[in-house]
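Raw target.cif, mmCIF, C-alpha atoms:
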data_data
loop_
_atom_site.label_atom_id
_atom_site.label_comp_id
_atom_site.auth_asym_id
_atom_site.auth_seq_id
_atom_site.Cartn_x
_atom_site.Cartn_y
_atom_site.Cartn_z
CA MET Z 100 120.29 79.08 99.34
CA LYS Z 101 117.93 82.04 98.89
CA LYS Z 102 118.76 85.01 101.13
CA THR Z 103 116.06 86.86 103.04
CA ILE Z 104 116.07 90.66 103.31
CA LEU Z 105 113.80 92.86 105.42
CA VAL Z 106 112.90 96.19 103.80
CA THR Z 107 111.27 99.00 105.78
CA GLY Z 108 109.33 101.70 103.96
CA ALA Z 109 108.60 99.03 101.35
CA SER Z 110 105.25 100.45 100.25
CA SER Z 111 106.57 103.28 98.05
CA GLY Z 112 109.56 105.17 96.69
CA ILE Z 113 113.03 103.74 97.21
CA GLY Z 114 111.68 101.00 99.49
CA ALA Z 115 109.32 99.70 96.81
CA ALA Z 116 112.02 99.91 94.12
CA ALA Z 117 114.52 98.09 96.34
CA SER Z 118 111.99 95.38 97.19
CA GLU Z 119 111.16 94.79 93.54
CA TYR Z 120 114.80 94.68 92.43
CA LEU Z 121 115.89 92.42 95.29
CA SER Z 122 113.05 90.05 94.39
CA GLU Z 123 114.15 90.09 90.74
CA GLN Z 124 117.63 89.09 91.90
CA GLY Z 125 116.31 86.08 93.76
CA TYR Z 126 116.00 87.36 97.33
CA PHE Z 127 113.06 86.56 99.61
CA VAL Z 128 111.78 89.97 100.76
CA VAL Z 129 110.07 90.84 104.03
CA LEU Z 130 107.98 93.96 103.35
CA VAL Z 131 107.45 96.38 106.24
CA ALA Z 132 105.43 99.62 106.15
CA ARG Z 133 102.36 101.22 107.70
CA ASN Z 134 100.04 100.85 104.72
CA GLU Z 135 98.97 97.21 104.46
CA ASP Z 136 97.05 97.72 101.22
CA ARG Z 137 100.09 99.21 99.52
CA LEU Z 138 102.25 96.36 100.82
CA HIS Z 139 99.92 93.85 99.17
CA GLN Z 140 100.15 95.82 95.91
CA ILE Z 141 103.95 95.74 96.05
CA SER Z 142 103.96 92.05 96.99
CA GLU Z 143 101.88 91.23 93.91
CA LYS Z 144 104.53 92.87 91.70
CA LEU Z 145 107.39 90.78 93.05
CA ASN Z 146 108.90 87.94 91.08
CA GLY Z 147 109.47 85.78 94.14
CA GLU Z 148 107.98 85.05 97.53
CA SER Z 149 107.55 87.68 100.22
CA LEU Z 150 106.19 88.20 103.71
CA ILE Z 151 104.12 91.25 104.60
CA ILE Z 152 104.44 92.80 108.07
CA PRO Z 153 102.37 95.98 108.52
CA TYR Z 154 104.06 98.14 111.14
CA ASP Z 155 104.29 101.83 112.03
CA LEU Z 156 107.94 102.52 112.90
CA SER Z 157 106.97 105.56 114.96
CA ASP Z 158 106.06 102.90 117.56
CA THR Z 159 109.64 102.25 118.63
CA GLU Z 160 108.57 100.37 121.77
CA HIS Z 161 107.38 97.22 119.98
CA ILE Z 162 109.81 96.98 117.06
CA GLU Z 163 110.91 93.51 118.15
CA ASP Z 164 107.46 92.33 117.03
CA ILE Z 165 108.75 92.58 113.42
CA PHE Z 166 111.51 90.10 114.18
CA THR Z 167 109.36 87.72 116.20
CA LYS Z 168 106.97 87.53 113.24
CA CYS Z 169 109.91 86.65 111.01
CA ARG Z 170 110.95 83.96 113.48
CA ASP Z 171 107.38 82.66 113.68
CA ASN Z 172 107.63 82.17 109.91
CA GLU Z 173 110.95 80.34 110.32
CA ILE Z 174 112.86 83.23 108.79
CA ARG Z 175 116.36 84.21 109.83
CA LEU Z 176 117.45 87.39 108.08
CA ASP Z 177 120.48 87.91 105.86
CA GLY Z 178 120.02 91.65 105.71
CA PHE Z 179 117.78 94.61 106.22
CA VAL Z 180 117.31 97.83 104.28
CA HIS Z 181 115.99 100.85 106.15
CA CYS Z 182 114.10 102.91 103.57
CA ALA Z 183 111.43 104.22 105.94
CA GLY Z 184 111.69 107.96 106.39
CA ILE Z 185 109.56 111.07 106.81
CA ASN Z 186 110.17 114.78 106.54
CA ASN Z 187 108.28 117.83 107.68
CA ASP Z 188 110.17 120.89 106.57
CA ILE Z 189 109.70 123.96 108.70
CA PRO Z 190 112.01 126.91 109.43
CA ILE Z 191 113.60 127.06 112.85
CA ARG Z 192 111.57 130.15 113.75
CA ALA Z 193 108.46 127.91 113.57
CA ASN Z 194 110.05 124.82 115.10
CA ASP Z 195 107.74 122.28 116.71
CA ILE Z 196 109.20 119.81 119.21
CA GLU Z 197 106.49 117.25 118.48
CA VAL Z 198 107.40 117.31 114.78
CA MET Z 199 111.05 116.85 115.71
CA LYS Z 200 110.17 113.81 117.81
CA GLU Z 201 108.06 112.26 115.05
CA VAL Z 202 110.68 112.70 112.31
CA THR Z 203 113.55 111.57 114.51
CA ALA Z 204 111.64 108.52 115.76
CA VAL Z 205 111.12 107.14 112.25
CA ASN Z 206 114.37 108.27 110.62
CA TYR Z 207 116.81 107.54 113.44
CA TYR Z 208 115.42 105.90 116.60
CA SER Z 209 113.68 103.12 114.68
CA PHE Z 210 116.86 102.32 112.73
CA VAL Z 211 118.87 101.88 115.91
CA GLU Z 212 116.14 99.71 117.45
CA LEU Z 213 115.93 97.62 114.28
CA GLY Z 214 119.69 97.20 114.41
CA LYS Z 215 119.56 96.15 118.05
CA TYR Z 216 117.25 93.24 117.33
CA PHE Z 217 118.67 92.41 113.90
CA ASN Z 218 122.10 91.80 115.42
CA LYS Z 219 120.76 89.05 117.71
CA LYS Z 220 121.71 85.54 116.57
CA LYS Z 221 118.15 84.30 116.87
CA TYR Z 222 117.02 86.80 114.22
CA SER Z 223 119.89 87.06 111.72
CA ASN Z 224 122.73 85.13 110.15
CA ASP Z 225 126.43 85.83 110.40
CA ARG Z 226 127.84 87.87 107.47
CA ALA Z 227 124.51 89.63 107.02
CA SER Z 228 124.34 93.17 105.68
CA VAL Z 229 122.48 96.33 106.70
CA VAL Z 230 121.81 99.26 104.38
CA ALA Z 231 120.31 102.56 105.54
CA ILE Z 232 118.85 105.08 103.09
CA SER Z 233 120.09 108.38 104.40
CA SER Z 234 120.20 111.69 102.52
CA SER Z 235 122.56 114.33 101.19
CA ALA Z 236 120.52 116.68 103.42
CA ALA Z 237 122.76 115.59 106.29
CA GLU Z 238 125.63 117.32 104.49
CA THR Z 239 123.92 120.22 102.70
CA CYS Z 240 121.80 121.40 105.68
CA THR Z 241 119.43 123.38 103.47
CA LYS Z 242 117.16 126.04 104.96
CA GLY Z 243 113.96 124.64 106.42
CA MET Z 244 115.39 121.14 106.83
CA CYS Z 245 116.89 121.35 110.31
CA THR Z 246 115.05 118.36 111.79
CA TYR Z 247 115.28 116.16 108.69
CA ALA Z 248 118.97 116.93 108.15
CA ALA Z 249 119.76 116.30 111.81
CA SER Z 250 117.90 112.98 111.81
CA LYS Z 251 119.87 111.82 108.78
CA ALA Z 252 123.18 113.02 110.26
CA ALA Z 253 122.36 110.97 113.37
CA LEU Z 254 121.55 108.01 111.13
CA ASN Z 255 124.95 108.33 109.43
CA ALA Z 256 126.70 108.34 112.80
CA ALA Z 257 124.76 105.26 113.87
CA VAL Z 258 125.81 103.45 110.68
CA LYS Z 259 129.47 104.09 111.47
CA VAL Z 260 129.09 102.90 115.06
CA MET Z 261 127.11 99.80 114.02
CA GLY Z 262 129.72 99.11 111.38
CA ARG Z 263 132.24 98.67 114.17
CA GLU Z 264 130.03 96.92 116.70
CA PHE Z 265 128.63 94.37 114.24
CA LEU Z 266 132.07 93.20 113.10
CA LYS Z 267 132.02 90.49 115.76
CA ARG Z 268 129.48 88.64 113.61
CA HIS Z 269 131.02 89.83 110.34
CA GLN Z 270 127.87 91.81 109.66
CA ARG Z 271 128.31 94.92 107.55
CA VAL Z 272 126.48 98.25 107.88
CA ASN Z 273 126.45 101.02 105.26
CA ALA Z 274 124.40 104.04 104.23
CA ILE Z 275 123.43 105.58 100.90
CA LEU Z 276 123.13 109.37 100.72
CA PRO Z 277 121.14 110.38 97.62
CA THR Z 278 120.31 113.87 96.49
CA PHE Z 279 116.81 114.30 95.03
CA VAL Z 280 115.15 111.05 93.94
CA ASP Z 281 111.91 110.74 91.97
CA THR Z 282 109.72 109.62 94.88
CA PRO Z 283 106.50 110.74 96.58
CA MET Z 284 108.64 112.38 99.28
CA ALA Z 285 110.24 114.65 96.66
CA VAL Z 286 106.77 115.67 95.49
CA ARG Z 287 105.70 116.47 99.06
CA MET Z 288 108.87 118.51 99.56
CA ASP Z 289 108.05 120.45 96.39
CA ASP Z 290 104.54 121.12 97.68
CA ALA Z 291 105.98 122.39 100.97
CA LEU Z 292 108.94 124.43 99.70
CA GLY Z 293 108.05 124.95 96.05
CA ASP Z 294 111.59 124.88 94.67
CA LEU Z 295 112.16 121.29 93.52
CA ASP Z 296 112.90 122.40 89.94
CA SER Z 297 115.72 124.66 91.10
CA LYS Z 298 117.17 121.89 93.24
CA ILE Z 299 117.04 119.42 90.36
CA ALA Z 300 118.80 122.01 88.23
CA GLY Z 301 121.69 121.65 90.66
CA GLN Z 302 121.93 117.97 89.73
CA PRO Z 303 123.56 117.93 86.28
CA LEU Z 304 122.59 114.29 85.77
CA GLY Z 305 118.96 115.02 86.65
CA LEU Z 306 116.40 113.65 89.08
CA ILE Z 307 117.57 110.23 90.29
CA GLU Z 308 115.43 107.21 89.41
CA PRO Z 309 114.60 105.03 92.46
CA GLU Z 310 115.81 101.96 90.55
CA GLN Z 311 119.33 103.41 90.50
CA ILE Z 312 119.37 103.48 94.31
CA ALA Z 313 117.97 99.93 94.32
CA PHE Z 314 120.95 98.75 92.26
CA LEU Z 315 123.35 100.10 94.88
CA VAL Z 316 121.24 98.62 97.69
CA GLU Z 317 121.56 95.17 96.14
CA PHE Z 318 125.31 95.61 95.69
CA LEU Z 319 125.72 96.51 99.38
CA ILE Z 320 123.44 93.68 100.50
CA SER Z 321 125.29 91.13 98.38
CA ASP Z 322 128.65 89.43 98.79
CA LYS Z 323 129.94 91.70 96.00
CA SER Z 324 130.60 94.31 98.71
CA SER Z 325 132.06 91.95 101.31
CA TYR Z 326 134.80 94.40 102.40
CA ILE Z 327 132.69 97.56 102.63
CA THR Z 328 131.33 98.56 106.04
CA GLY Z 329 130.75 101.78 107.97
CA ALA Z 330 130.56 103.71 104.70
CA CYS Z 331 128.23 106.60 103.86
CA ILE Z 332 128.08 106.59 100.08
CA PRO Z 333 126.79 109.68 98.22
CA VAL Z 334 124.70 109.42 95.05
CA SER Z 335 124.76 113.03 93.96
CA ALA Z 336 123.75 113.11 90.26
CA GLY Z 337 126.62 115.58 89.95
CA ALA Z 338 125.45 117.95 92.69
CA ILE Z 339 128.18 119.51 94.80
CA PHE Z 340 127.88 119.18 98.58
#
Just give me the structure as structure tokens.
Amino acid sequence: MKKTILVTGASSGIGAAASEYLSEQGYFVVLVARNEDRLHQISEKLNGESLIIPYDLSDTEHIEDIFTKCRDNEIRLDGFVHCAGINNDIPIRANDIEVMKEVTAVNYYSFVELGKYFNKKKYSNDRASVVAISSSAAETCTKGMCTYAASKAALNAAVKVMGREFLKRHQRVNAILPTFVDTPMAVRMDDALGDLDSKIAGQPLGLIEPEQIAFLVEFLISDKSSYITGACIPVSAGAIF
């Protein structure tokens, strides 16, 4: 029976790559992101069927709406992949509390809320799998990335806690911690900080292709990783952190 996976941040970057690869592997994909036009573009690229749910994850109050729409379409989920994420790099001397709230809401709060509803029997199946796209930034704590790094460190902690709490239903929860990936976010970071080339130079294997992260996502979603949970797995391209 075809498994159904919800992917947040599905309109670009790792989320789009994961959605396309999961579809190639025979999964039904539920695409979630703010940009409805981009979701339709991604949906048209998929090999299999999909459901589009436009949603802004900064609205943490109504996240259950995503799951009720799945249920309205007679979908019970076998997994979800949290690729949604934002960054706004500023030094601590210029810190802005509103920016902190915005970044943390999407990167961390929304993941916990998604997990809360995903774990309910009416929305997901036993032995389902959750994968969060975190970041090596949680470990490296580079200058200018205080809020982003902290949000990803909180995400990693949540993954470990969920990994324990979800065992009752044999649901697994893991995170992937990449270094720099060839995505629009990396381009925006370069525009803001202007040193992407030097950071890539610290990755002996080069800038990571989004498809490589998608391969690991599918492994963690699938039964091939049935005994892995609560893990935060680095994909470093040889970088030391």
Hey, what's within 12 Å of Phe314 in chain Z if we count all atoms listed in the file and toss same-chain stuff fewer than 2 positions away? As a count of residues only, please?
24
Students should find that CA of Ala109 in chain Z and CA of His269 in chain Z are spaced 25.8 Å
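Each of Z:Val131, Z:Met244, Z:Ala204, Z:Ala227 was checked against Lys102 in chain Z using all atoms listed in the file; the smallest atom-to-atom distance is that of Z:Ala227.
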Contacts of Glu135 in chain Z within 10 Å, only C-alpha atoms, excl. fewer than 4 positions in-chain, as an NGL selection string
:Z and (110 or 130-131 or 139-141 or 151-154)
Run the PyMOL selection byres ((chain Z and resi 236) around 10) mentally over the shown coordinates, then write out the matched residues as a PyMOL selection string, using the chain letters and numbers from the document.
chain Z and resi 233-235+237-241+244-245+247-252+276-279+340
With the file shown as input, list the residues that the PyMOL selection byres ((chain Z and resi 324) around 12) selects, as a PyMOL selection string.
chain Z and resi 226-230+270-273+315-323+325-330
